[in-house]
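Structure file my_file23.cif (mmCIF, C-alpha atoms and all ligand atoms) follows.
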```
data_entry
loop_
_atom_site.label_atom_id
_atom_site.label_comp_id
_atom_site.auth_asym_id
_atom_site.auth_seq_id
_atom_site.Cartn_x
_atom_site.Cartn_y
_atom_site.Cartn_z
CA MET A 17 145.10 124.49 138.46
CA PRO A 18 144.08 123.94 134.82
CA VAL A 19 140.33 123.88 134.25
CA MET A 20 140.27 120.37 132.75
CA GLU A 21 142.08 118.93 135.77
CA ILE A 22 139.35 120.18 138.09
CA PHE A 23 136.70 118.83 135.74
CA ALA A 24 138.31 115.38 135.70
CA LEU A 25 138.05 115.12 139.48
CA MET A 26 134.49 116.36 139.73
CA ARG A 27 132.59 115.41 142.86
CA LEU A 28 129.00 116.40 143.34
CA MET A 29 127.13 116.07 146.61
CA ASN A 30 123.43 116.49 147.20
CA ILE A 31 122.31 116.88 150.80
CA HIS A 32 118.59 116.92 151.38
CA ALA A 33 116.13 116.07 154.09
CA HIS A 34 114.23 113.04 152.80
CA TYR A 35 114.40 109.95 150.67
CA ASP A 36 113.20 111.02 147.17
CA ASP A 37 114.02 114.74 147.44
CA PHE A 38 117.04 114.28 145.20
CA GLU A 39 115.08 112.70 142.35
CA PHE A 40 112.75 115.69 142.13
CA THR A 41 115.44 118.37 142.27
CA ALA A 42 118.91 117.47 140.97
CA CYS A 43 118.98 113.91 139.57
CA GLY A 44 119.02 115.02 135.93
CA THR A 45 121.90 117.42 136.53
CA PHE A 46 123.94 114.73 138.29
CA ALA A 47 123.32 112.48 135.28
CA ASN A 48 124.45 115.30 132.95
CA PHE A 49 127.74 115.52 134.88
CA MET A 50 128.18 111.76 134.92
CA ASP A 51 127.66 111.46 131.19
CA ALA A 52 130.13 114.28 130.56
CA ASP A 53 132.90 112.46 132.43
CA ARG A 54 132.21 108.85 133.39
CA GLU A 55 135.75 108.19 134.65
CA GLY A 56 136.35 111.10 136.97
CA PHE A 57 132.85 111.75 138.28
CA ARG A 58 131.51 110.81 141.70
CA GLY A 59 128.02 111.76 142.81
CA ARG A 60 126.89 111.31 146.39
CA VAL A 61 123.36 111.71 147.71
CA THR A 62 123.13 112.30 151.45
CA VAL A 63 119.73 111.88 153.08
CA CYS A 64 119.44 113.49 156.50
CA THR A 65 116.29 112.01 158.07
CA ASP A 66 115.60 108.36 158.82
CA GLY A 67 112.35 108.31 156.81
CA ALA A 68 110.33 106.73 159.61
CA ALA A 69 107.51 109.29 159.65
CA GLY A 70 106.48 109.23 155.99
CA HIS A 71 103.64 106.72 155.84
CA HIS A 72 100.06 106.35 157.04
CA ARG A 73 99.74 102.54 157.37
CA MET A 74 103.17 101.10 158.13
CA SER A 75 104.92 101.38 161.49
CA ARG A 76 107.85 103.77 161.88
CA ASP A 77 110.37 100.92 161.69
CA GLU A 78 108.74 99.39 158.62
CA THR A 79 108.50 102.77 156.92
CA ALA A 80 112.16 103.57 157.58
CA ALA A 81 113.23 100.20 156.15
CA VAL A 82 111.05 100.50 153.03
CA ARG A 83 112.10 104.07 152.32
CA LEU A 84 115.78 103.20 152.66
CA GLN A 85 115.39 100.23 150.32
CA GLU A 86 113.58 102.40 147.76
CA GLN A 87 116.37 104.97 147.85
CA GLU A 88 119.02 102.28 147.53
CA SER A 89 117.28 100.94 144.41
CA ALA A 90 117.08 104.41 142.88
CA MET A 91 120.75 105.14 143.51
CA ALA A 92 121.88 101.75 142.21
CA MET A 93 119.91 102.45 139.04
CA ALA A 94 121.41 105.92 138.60
CA GLY A 95 124.99 105.06 139.62
CA PHE A 96 125.24 107.54 142.50
CA GLU A 97 126.43 106.82 146.04
CA LEU A 98 123.99 106.93 148.93
CA GLU A 99 124.89 108.18 152.39
CA THR A 100 122.48 108.22 155.30
CA LEU A 101 123.43 111.00 157.70
CA GLU A 102 124.20 110.11 161.31
CA TYR A 103 124.67 112.31 164.33
CA PRO A 104 128.07 111.88 166.04
CA ASP A 105 126.52 109.30 168.43
CA GLY A 106 125.34 107.17 165.48
CA ALA A 107 121.62 108.05 165.73
CA ARG A 108 119.73 109.15 162.60
CA PRO A 109 117.97 112.54 162.58
CA LYS A 110 114.17 112.26 162.70
CA GLU A 111 111.63 114.04 160.53
CA GLY A 112 110.11 117.07 162.19
CA GLN A 113 112.60 116.93 165.06
CA MET A 114 115.88 118.19 163.60
CA THR A 115 117.30 121.55 164.57
CA ALA A 116 120.27 123.41 163.17
CA GLY A 117 122.10 122.75 166.44
CA PRO A 118 125.63 121.52 167.24
CA GLU A 119 124.96 117.78 166.64
CA MET A 120 123.45 118.46 163.22
CA LEU A 121 126.24 120.86 162.26
CA ALA A 122 128.85 118.35 163.43
CA ALA A 123 127.23 115.55 161.40
CA LEU A 124 127.15 117.67 158.23
CA TRP A 125 130.68 118.95 158.85
CA MET A 126 131.95 115.37 159.06
CA SER A 127 129.94 114.23 156.04
CA ILE A 128 131.04 117.07 153.76
CA ARG A 129 134.68 117.02 154.92
CA SER A 130 134.81 113.28 154.29
CA PHE A 131 133.50 113.44 150.72
CA ARG A 132 135.11 116.76 149.70
CA PRO A 133 132.67 117.79 146.98
CA ASP A 134 133.45 120.41 144.36
CA TYR A 135 129.78 121.34 144.21
CA LEU A 136 127.27 120.88 147.00
CA PHE A 137 123.52 121.04 146.37
CA CYS A 138 121.02 121.57 149.18
CA PRO A 139 117.50 122.93 149.75
CA PRO A 140 116.92 126.70 149.70
CA LEU A 141 115.93 129.12 152.43
CA PRO A 142 112.75 131.07 151.64
CA SER A 143 113.26 134.78 151.09
CA ASP A 144 109.54 135.53 151.37
CA VAL A 145 107.95 134.98 154.78
CA SER A 146 104.62 134.14 153.13
CA ALA A 147 106.16 131.14 151.33
CA GLY A 148 105.17 127.74 152.67
CA LEU A 149 107.91 125.35 153.67
CA HIS A 150 108.81 121.92 154.96
CA VAL A 151 110.56 122.28 158.30
CA ASP A 152 113.10 119.53 157.51
CA HIS A 153 114.10 121.20 154.25
CA VAL A 154 114.66 124.52 155.98
CA VAL A 155 116.65 122.96 158.82
CA VAL A 156 118.96 121.25 156.33
CA ALA A 157 119.39 124.50 154.39
CA GLU A 158 120.01 126.53 157.53
CA SER A 159 122.45 123.94 158.90
CA ILE A 160 124.51 123.90 155.71
CA ARG A 161 124.57 127.67 155.64
CA ARG A 162 125.75 127.76 159.25
CA VAL A 163 128.39 125.07 158.91
CA ALA A 164 129.79 126.23 155.56
CA TYR A 165 132.48 128.49 156.95
CA LEU A 166 133.48 125.85 159.52
CA LEU A 167 134.16 123.19 156.89
CA ASN A 168 137.78 124.22 156.80
CA VAL A 169 138.07 124.71 160.55
CA PRO A 170 139.44 121.24 161.33
CA GLN A 171 138.93 121.31 165.08
CA ALA A 172 135.45 122.83 165.05
CA TYR A 173 133.73 119.59 166.09
CA THR A 174 136.53 117.32 167.25
CA ASN A 175 134.89 117.21 170.69
CA PHE A 176 132.16 115.13 168.97
CA TYR A 177 134.72 113.02 167.12
CA PRO A 178 137.54 112.24 169.57
CA GLN A 179 138.96 109.69 167.12
CA LEU A 180 140.18 112.58 164.93
CA SER A 181 143.70 113.76 165.60
CA PRO A 182 146.32 116.09 164.10
CA PRO A 183 147.84 116.84 161.67
CA TRP A 184 144.80 118.63 160.30
CA GLU A 185 144.34 118.70 156.57
CA SER A 186 143.04 121.74 154.74
CA ILE A 187 140.04 121.01 152.51
CA ARG A 188 138.61 123.14 149.76
CA THR A 189 135.19 124.52 150.67
CA PRO A 190 132.69 123.52 147.96
CA VAL A 191 130.61 125.83 145.82
CA ILE A 192 127.14 125.62 147.37
CA LEU A 193 123.97 125.85 145.27
CA THR A 194 120.37 125.57 146.33
CA VAL A 195 117.84 123.49 144.43
CA SER A 196 114.27 124.45 143.62
CA ASP A 197 111.74 123.54 146.32
CA SER A 198 108.17 122.67 145.43
CA TYR A 199 107.01 123.38 149.00
CA MET A 200 107.75 127.03 148.30
CA GLY A 201 105.63 127.13 145.16
CA THR A 202 106.83 129.73 142.73
CA GLU A 203 108.89 131.43 145.45
CA ASN A 204 112.02 129.99 143.87
CA PRO A 205 114.51 132.39 142.34
CA PHE A 206 117.04 130.75 140.04
CA ASP A 207 120.45 131.53 138.55
CA LEU A 208 120.98 128.41 136.45
CA VAL A 209 118.44 126.76 134.16
CA VAL A 210 119.81 123.30 133.33
CA ASP A 211 118.34 121.33 130.46
CA ILE A 212 117.75 117.74 131.60
CA SER A 213 115.37 116.72 128.79
CA ASP A 214 117.66 113.83 127.83
CA ARG A 215 117.75 112.63 131.47
CA PHE A 216 114.04 112.79 132.15
CA ASP A 217 113.68 109.04 131.63
CA LEU A 218 116.14 108.52 134.47
CA VAL A 219 114.20 110.95 136.68
CA CYS A 220 111.02 108.94 135.98
CA GLU A 221 112.74 105.60 136.60
CA THR A 222 114.47 106.59 139.83
CA SER A 223 111.44 108.38 141.27
CA TRP A 224 109.31 105.33 140.35
CA CYS A 225 111.48 103.38 142.85
CA HIS A 226 109.79 105.38 145.62
CA GLN A 227 106.55 103.42 145.42
CA SER A 228 105.57 103.96 149.05
CA GLN A 229 105.81 107.68 148.41
CA ILE A 230 104.32 108.30 145.01
CA ARG A 231 101.56 105.68 145.08
CA GLU A 232 100.68 105.73 148.77
CA TRP A 233 101.94 108.51 151.00
CA LEU A 234 101.93 111.60 148.77
CA PRO A 235 98.37 111.01 147.45
CA TRP A 236 97.25 110.36 151.05
CA VAL A 237 98.85 113.57 152.38
CA GLY A 238 96.93 115.49 149.73
CA ARG A 239 99.20 118.51 149.59
CA HIS A 240 100.86 117.87 146.26
CA GLN A 241 97.96 117.21 143.85
CA PHE A 242 99.26 113.66 143.55
CA ARG A 243 96.97 111.09 142.02
CA PRO A 244 98.21 107.56 142.65
CA PRO A 245 99.62 106.39 139.30
CA GLU A 246 98.41 102.96 138.17
CA ASN A 247 101.48 102.16 136.13
CA TYR A 248 104.87 103.48 135.11
CA SER A 249 103.68 105.18 131.97
CA GLN A 250 100.98 107.04 133.89
CA TRP A 251 103.61 108.14 136.41
CA CYS A 252 105.88 109.55 133.67
CA ASP A 253 102.97 111.46 132.12
CA PHE A 254 101.94 112.86 135.49
CA LEU A 255 105.48 113.89 136.40
CA ARG A 256 106.05 115.54 133.03
CA GLN A 257 102.81 117.54 133.31
CA ARG A 258 103.70 118.58 136.84
CA VAL A 259 107.18 119.76 135.86
CA LEU A 260 105.90 121.61 132.79
CA ALA A 261 103.17 123.36 134.78
CA ARG A 262 105.80 124.60 137.21
CA GLN A 263 107.98 125.82 134.35
CA GLN A 264 105.02 127.65 132.87
CA ASN A 265 104.41 129.35 136.23
CA LEU A 266 108.00 130.51 136.25
CA GLY A 267 107.79 131.84 132.68
CA LEU A 268 110.04 129.12 131.26
CA PRO A 269 109.43 127.27 127.98
CA THR A 270 107.58 123.96 128.11
CA ASP A 271 109.23 122.24 125.16
CA ARG A 272 112.08 120.95 127.34
CA ILE A 273 112.60 119.83 130.95
CA PHE A 274 114.75 121.88 133.32
CA GLU A 275 116.24 121.74 136.78
CA LEU A 276 116.83 125.08 138.49
CA PHE A 277 119.57 126.16 140.86
CA SER A 278 120.66 129.26 142.72
CA LEU A 279 124.21 130.09 143.66
CA THR A 280 124.94 131.02 147.26
CA ALA A 281 127.87 132.81 148.85
CA TRP A 282 127.84 130.30 151.72
CA GLY A 283 130.83 128.40 150.39
CA GLU A 284 133.45 128.98 147.70
CA ILE A 285 132.45 131.61 145.17
CA PRO A 286 133.26 130.34 141.68
CA GLY A 287 134.18 132.42 138.68
CA LEU A 288 131.27 132.67 136.24
CA GLU A 289 133.34 131.14 133.46
CA GLN A 290 134.35 128.17 135.61
CA LEU A 291 130.76 127.60 136.71
CA LEU A 292 129.44 127.60 133.15
CA HIS A 293 132.28 125.37 132.01
CA ASP A 294 131.67 122.84 134.75
CA PHE A 295 127.89 122.63 134.40
CA PRO A 296 126.73 120.58 131.43
CA GLY A 297 123.37 121.59 130.01
CA VAL A 298 123.08 125.16 131.29
CA ASP A 299 120.78 127.14 129.02
CA THR A 300 122.65 130.43 128.79
CA VAL A 301 119.68 132.22 127.22
CA LEU A 302 117.13 131.25 129.88
CA SER A 303 119.56 131.59 132.79
CA PRO A 304 119.99 135.20 133.99
CA ILE A 305 123.72 135.04 133.26
CA ALA A 306 124.46 138.78 133.27
CA GLU A 307 122.76 139.17 136.64
CA LEU A 308 124.62 136.13 138.00
CA GLY A 309 127.91 137.57 136.77
CA ARG A 310 127.19 140.86 138.56
CA LYS A 311 126.32 139.00 141.75
CA ILE A 312 129.53 136.96 141.64
CA ARG A 313 131.64 140.04 141.00
CA ARG A 314 129.97 141.83 143.91
CA TRP A 315 130.53 138.90 146.26
CA LYS A 316 134.16 138.52 145.25
CA THR A 317 134.80 142.24 145.62
CA GLN A 318 133.21 142.29 149.05
CA GLY A 319 135.27 139.27 150.10
CA THR A 320 132.20 137.50 151.47
ZN ZN A 401 111.53 116.43 151.33
#
```

The structure in this file should be written as structure tokens.
Amino acid sequence: MPVMEIFALMRLMNIHAHYDDFEFTACGTFANFMDADREGFRGRVTVCTDGAAGHHRMSRDETAAVRLQEQESAMAMAGFELETLEYPDGARPKEGQMTAGPEMLAALWMSIRSFRPDYLFCPPLPSDVSAGLHVDHVVVAESIRRVAYLLNVPQAYTNFYPQLSPPWESIRTPVILTVSDSYMGTENPFDLVVDISDRFDLVCETSWCHQSQIREWLPWVGRHQFRPPENYSQWCDFLRQRVLARQQNLGLPTDRIFELFSLTAWGEIPGLEQLLHDFPGVDTVLSPIAELGRKIRRWKTQGT
């Protein structure tokens, strides 16, 4: 298939644990793709948990409703689709209680097969056992890793979805990349450094939608050095400083804003040329391209 034809049908999917995870990890890159091809692009953000646990004053039901509304506002602003993940029985996964078990794998299998993304973004798995983590992030990462091969096994979870029936359609397994995870500190290797400087306003605006998070919950939790911002401009300054400090820790320049991604061999393994063609904004000097090329060649040779 010609390269431009694939580009014109580009679908990006971000699957993460919580409301707001997307804004802090991949929003700028999605905006880069959208601006490169407004007609053919579709971006979908799938949030796995119901958001009910993330507040210290509101009830679980209130919290879930507020968090959903905040995410809906952010996605309407950015122009991306929002999906809230459901188990096969219609229930939403709960924070701190998900496992990478059959119901979770079935839910992700259905979600990914339904949208058919070209590129799928998800949280990473830590390679260093001393790295801190958020259990929900790791469960999502582990679940996607486990289900990846089964995406094109059309009867893998039909016992959960009896409404599905033959003939079974073959779907293309997406390329799967992991995003950077602040819970793991600097324990975040990366293959692609994507310049999102021109999209940083959108990152500020969409993350500002998550008022119950950034002004209430995250400062209260006290694990993220969050000071409650008094206004939008203070929030943008804080976020910029936070992102630049992380870049400095990773040895990256601080004159631009980047999002970082790592390629996995969980799904389709792309050619290096195709990957660099598809991704707008990749800094080919800062990204370890030669190393990535070697990794891809090794994976393809091994037939992973
Ligand atoms: Zn999260």

Protein and nucleic acid residues within 12 Å of ligand ZN 401 (chain A) (only C-alpha atoms and all ligand atoms) as JSON, numbers by chain: {"A": [31, 32, 33, 34, 35, 36, 37, 38, 39, 40, 41, 63, 64, 65, 66, 67, 69, 70, 111, 112, 138, 139, 140, 149, 150, 151, 152, 153, 154, 155, 156, 157, 195, 196, 197, 198, 199, 200, 229, 234, 240]}

(Q) Env of stretch 204-211 of chain A: 10 Å cut, atoms = all atoms listed in the file, seq-sep filter 4 positions within chain, self excluded. Answer as a PyMOL selection string. (A) chain A and resi 42+44-45+48+140-144+147+193-200+215-216+266+268+272-280+291-292+295-309

Selection export as a PDB file, in the coordinates of the input, atoms kept: C-alpha atoms:
```
ATOM      1  CA  ALA A  42     118.910 117.470 140.970  1.00  0.00           C
ATOM      2  CA  GLY A  44     119.020 115.020 135.930  1.00  0.00           C
ATOM      3  CA  THR A  45     121.900 117.420 136.530  1.00  0.00           C
ATOM      4  CA  ASN A  48     124.450 115.300 132.950  1.00  0.00           C
ATOM      5  CA  PRO A 140     116.920 126.700 149.700  1.00  0.00           C
ATOM      6  CA  LEU A 141     115.930 129.120 152.430  1.00  0.00           C
ATOM      7  CA  PRO A 142     112.750 131.070 151.640  1.00  0.00           C
ATOM      8  CA  SER A 143     113.260 134.780 151.090  1.00  0.00           C
ATOM      9  CA  ASP A 144     109.540 135.530 151.370  1.00  0.00           C
ATOM     10  CA  ALA A 147     106.160 131.140 151.330  1.00  0.00           C
ATOM     11  CA  LEU A 193     123.970 125.850 145.270  1.00  0.00           C
ATOM     12  CA  THR A 194     120.370 125.570 146.330  1.00  0.00           C
ATOM     13  CA  VAL A 195     117.840 123.490 144.430  1.00  0.00           C
ATOM     14  CA  SER A 196     114.270 124.450 143.620  1.00  0.00           C
ATOM     15  CA  ASP A 197     111.740 123.540 146.320  1.00  0.00           C
ATOM     16  CA  SER A 198     108.170 122.670 145.430  1.00  0.00           C
ATOM     17  CA  TYR A 199     107.010 123.380 149.000  1.00  0.00           C
ATOM     18  CA  MET A 200     107.750 127.030 148.300  1.00  0.00           C
ATOM     19  CA  ARG A 215     117.750 112.630 131.470  1.00  0.00           C
ATOM     20  CA  PHE A 216     114.040 112.790 132.150  1.00  0.00           C
ATOM     21  CA  LEU A 266     108.000 130.510 136.250  1.00  0.00           C
ATOM     22  CA  LEU A 268     110.040 129.120 131.260  1.00  0.00           C
ATOM     23  CA  ARG A 272     112.080 120.950 127.340  1.00  0.00           C
ATOM     24  CA  ILE A 273     112.600 119.830 130.950  1.00  0.00           C
ATOM     25  CA  PHE A 274     114.750 121.880 133.320  1.00  0.00           C
ATOM     26  CA  GLU A 275     116.240 121.740 136.780  1.00  0.00           C
ATOM     27  CA  LEU A 276     116.830 125.080 138.490  1.00  0.00           C
ATOM     28  CA  PHE A 277     119.570 126.160 140.860  1.00  0.00           C
ATOM     29  CA  SER A 278     120.660 129.260 142.720  1.00  0.00           C
ATOM     30  CA  LEU A 279     124.210 130.090 143.660  1.00  0.00           C
ATOM     31  CA  THR A 280     124.940 131.020 147.260  1.00  0.00           C
ATOM     32  CA  LEU A 291     130.760 127.600 136.710  1.00  0.00           C
ATOM     33  CA  LEU A 292     129.440 127.600 133.150  1.00  0.00           C
ATOM     34  CA  PHE A 295     127.890 122.630 134.400  1.00  0.00           C
ATOM     35  CA  PRO A 296     126.730 120.580 131.430  1.00  0.00           C
ATOM     36  CA  GLY A 297     123.370 121.590 130.010  1.00  0.00           C
ATOM     37  CA  VAL A 298     123.080 125.160 131.290  1.00  0.00           C
ATOM     38  CA  ASP A 299     120.780 127.140 129.020  1.00  0.00           C
ATOM     39  CA  THR A 300     122.650 130.430 128.790  1.00  0.00           C
ATOM     40  CA  VAL A 301     119.680 132.220 127.220  1.00  0.00           C
ATOM     41  CA  LEU A 302     117.130 131.250 129.880  1.00  0.00           C
ATOM     42  CA  SER A 303     119.560 131.590 132.790  1.00  0.00           C
ATOM     43  CA  PRO A 304     119.990 135.200 133.990  1.00  0.00           C
ATOM     44  CA  ILE A 305     123.720 135.040 133.260  1.00  0.00           C
ATOM     45  CA  ALA A 306     124.460 138.780 133.270  1.00  0.00           C
ATOM     46  CA  GLU A 307     122.760 139.170 136.640  1.00  0.00           C
ATOM     47  CA  LEU A 308     124.620 136.130 138.000  1.00  0.00           C
ATOM     48  CA  GLY A 309     127.910 137.570 136.770  1.00  0.00           C
TER      49      GLY A 309
END
```

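Between A:Gly283 and the candidates A:Trp184, A:Tyr248, A:Trp315, A:Trp224, the tightest atom-to-atom separation, counting all atoms listed in the file, involves A:Trp315.
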
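The closest residue to A:Ala47, picked from A:Ala90, A:Ala281, A:Ile212, A:Ile192 and counting only C-alpha atoms, is A:Ile212.
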
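For the pair atom CA of A:Thr79 and atom CA of A:Glu158, the interatomic distance is 26.4 Å.
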
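Among the candidate residues A:Glu78, A:Ala123, A:Tyr135, A:Ala68, the one lying nearest to A:Leu25 is A:Tyr135, with distances computed using only C-alpha atoms.
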
Review point. Counting all atoms listed in the file, what is within 12 Å of stretch 52-57 of chain A, bar same-chain residues fewer than 3 positions away, as number ranges by chain?
Key: A: 20-29, 45-49, 60, 95-97, 133-135, 293-297

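Atom to atom, atom CA of A:Leu166 and atom CA of A:Lys311 stand 23.2 Å apart.
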
Nearest to A:Leu255, restricted to only C-alpha atoms and choosing among A:Thr100, A:Gln85, A:Gln241, A:Ser228, comes out as A:Gln241

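Distances here use only C-alpha atoms; by that measure, the residue among A:Glu284, A:Val191, A:Trp233, A:Cys220 closest to A:Val259 is A:Cys220.
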
Closest of A:Leu136, A:Val169, A:Ala94, A:Met74 to A:Asp51, counting only C-alpha atoms, is A:Ala94
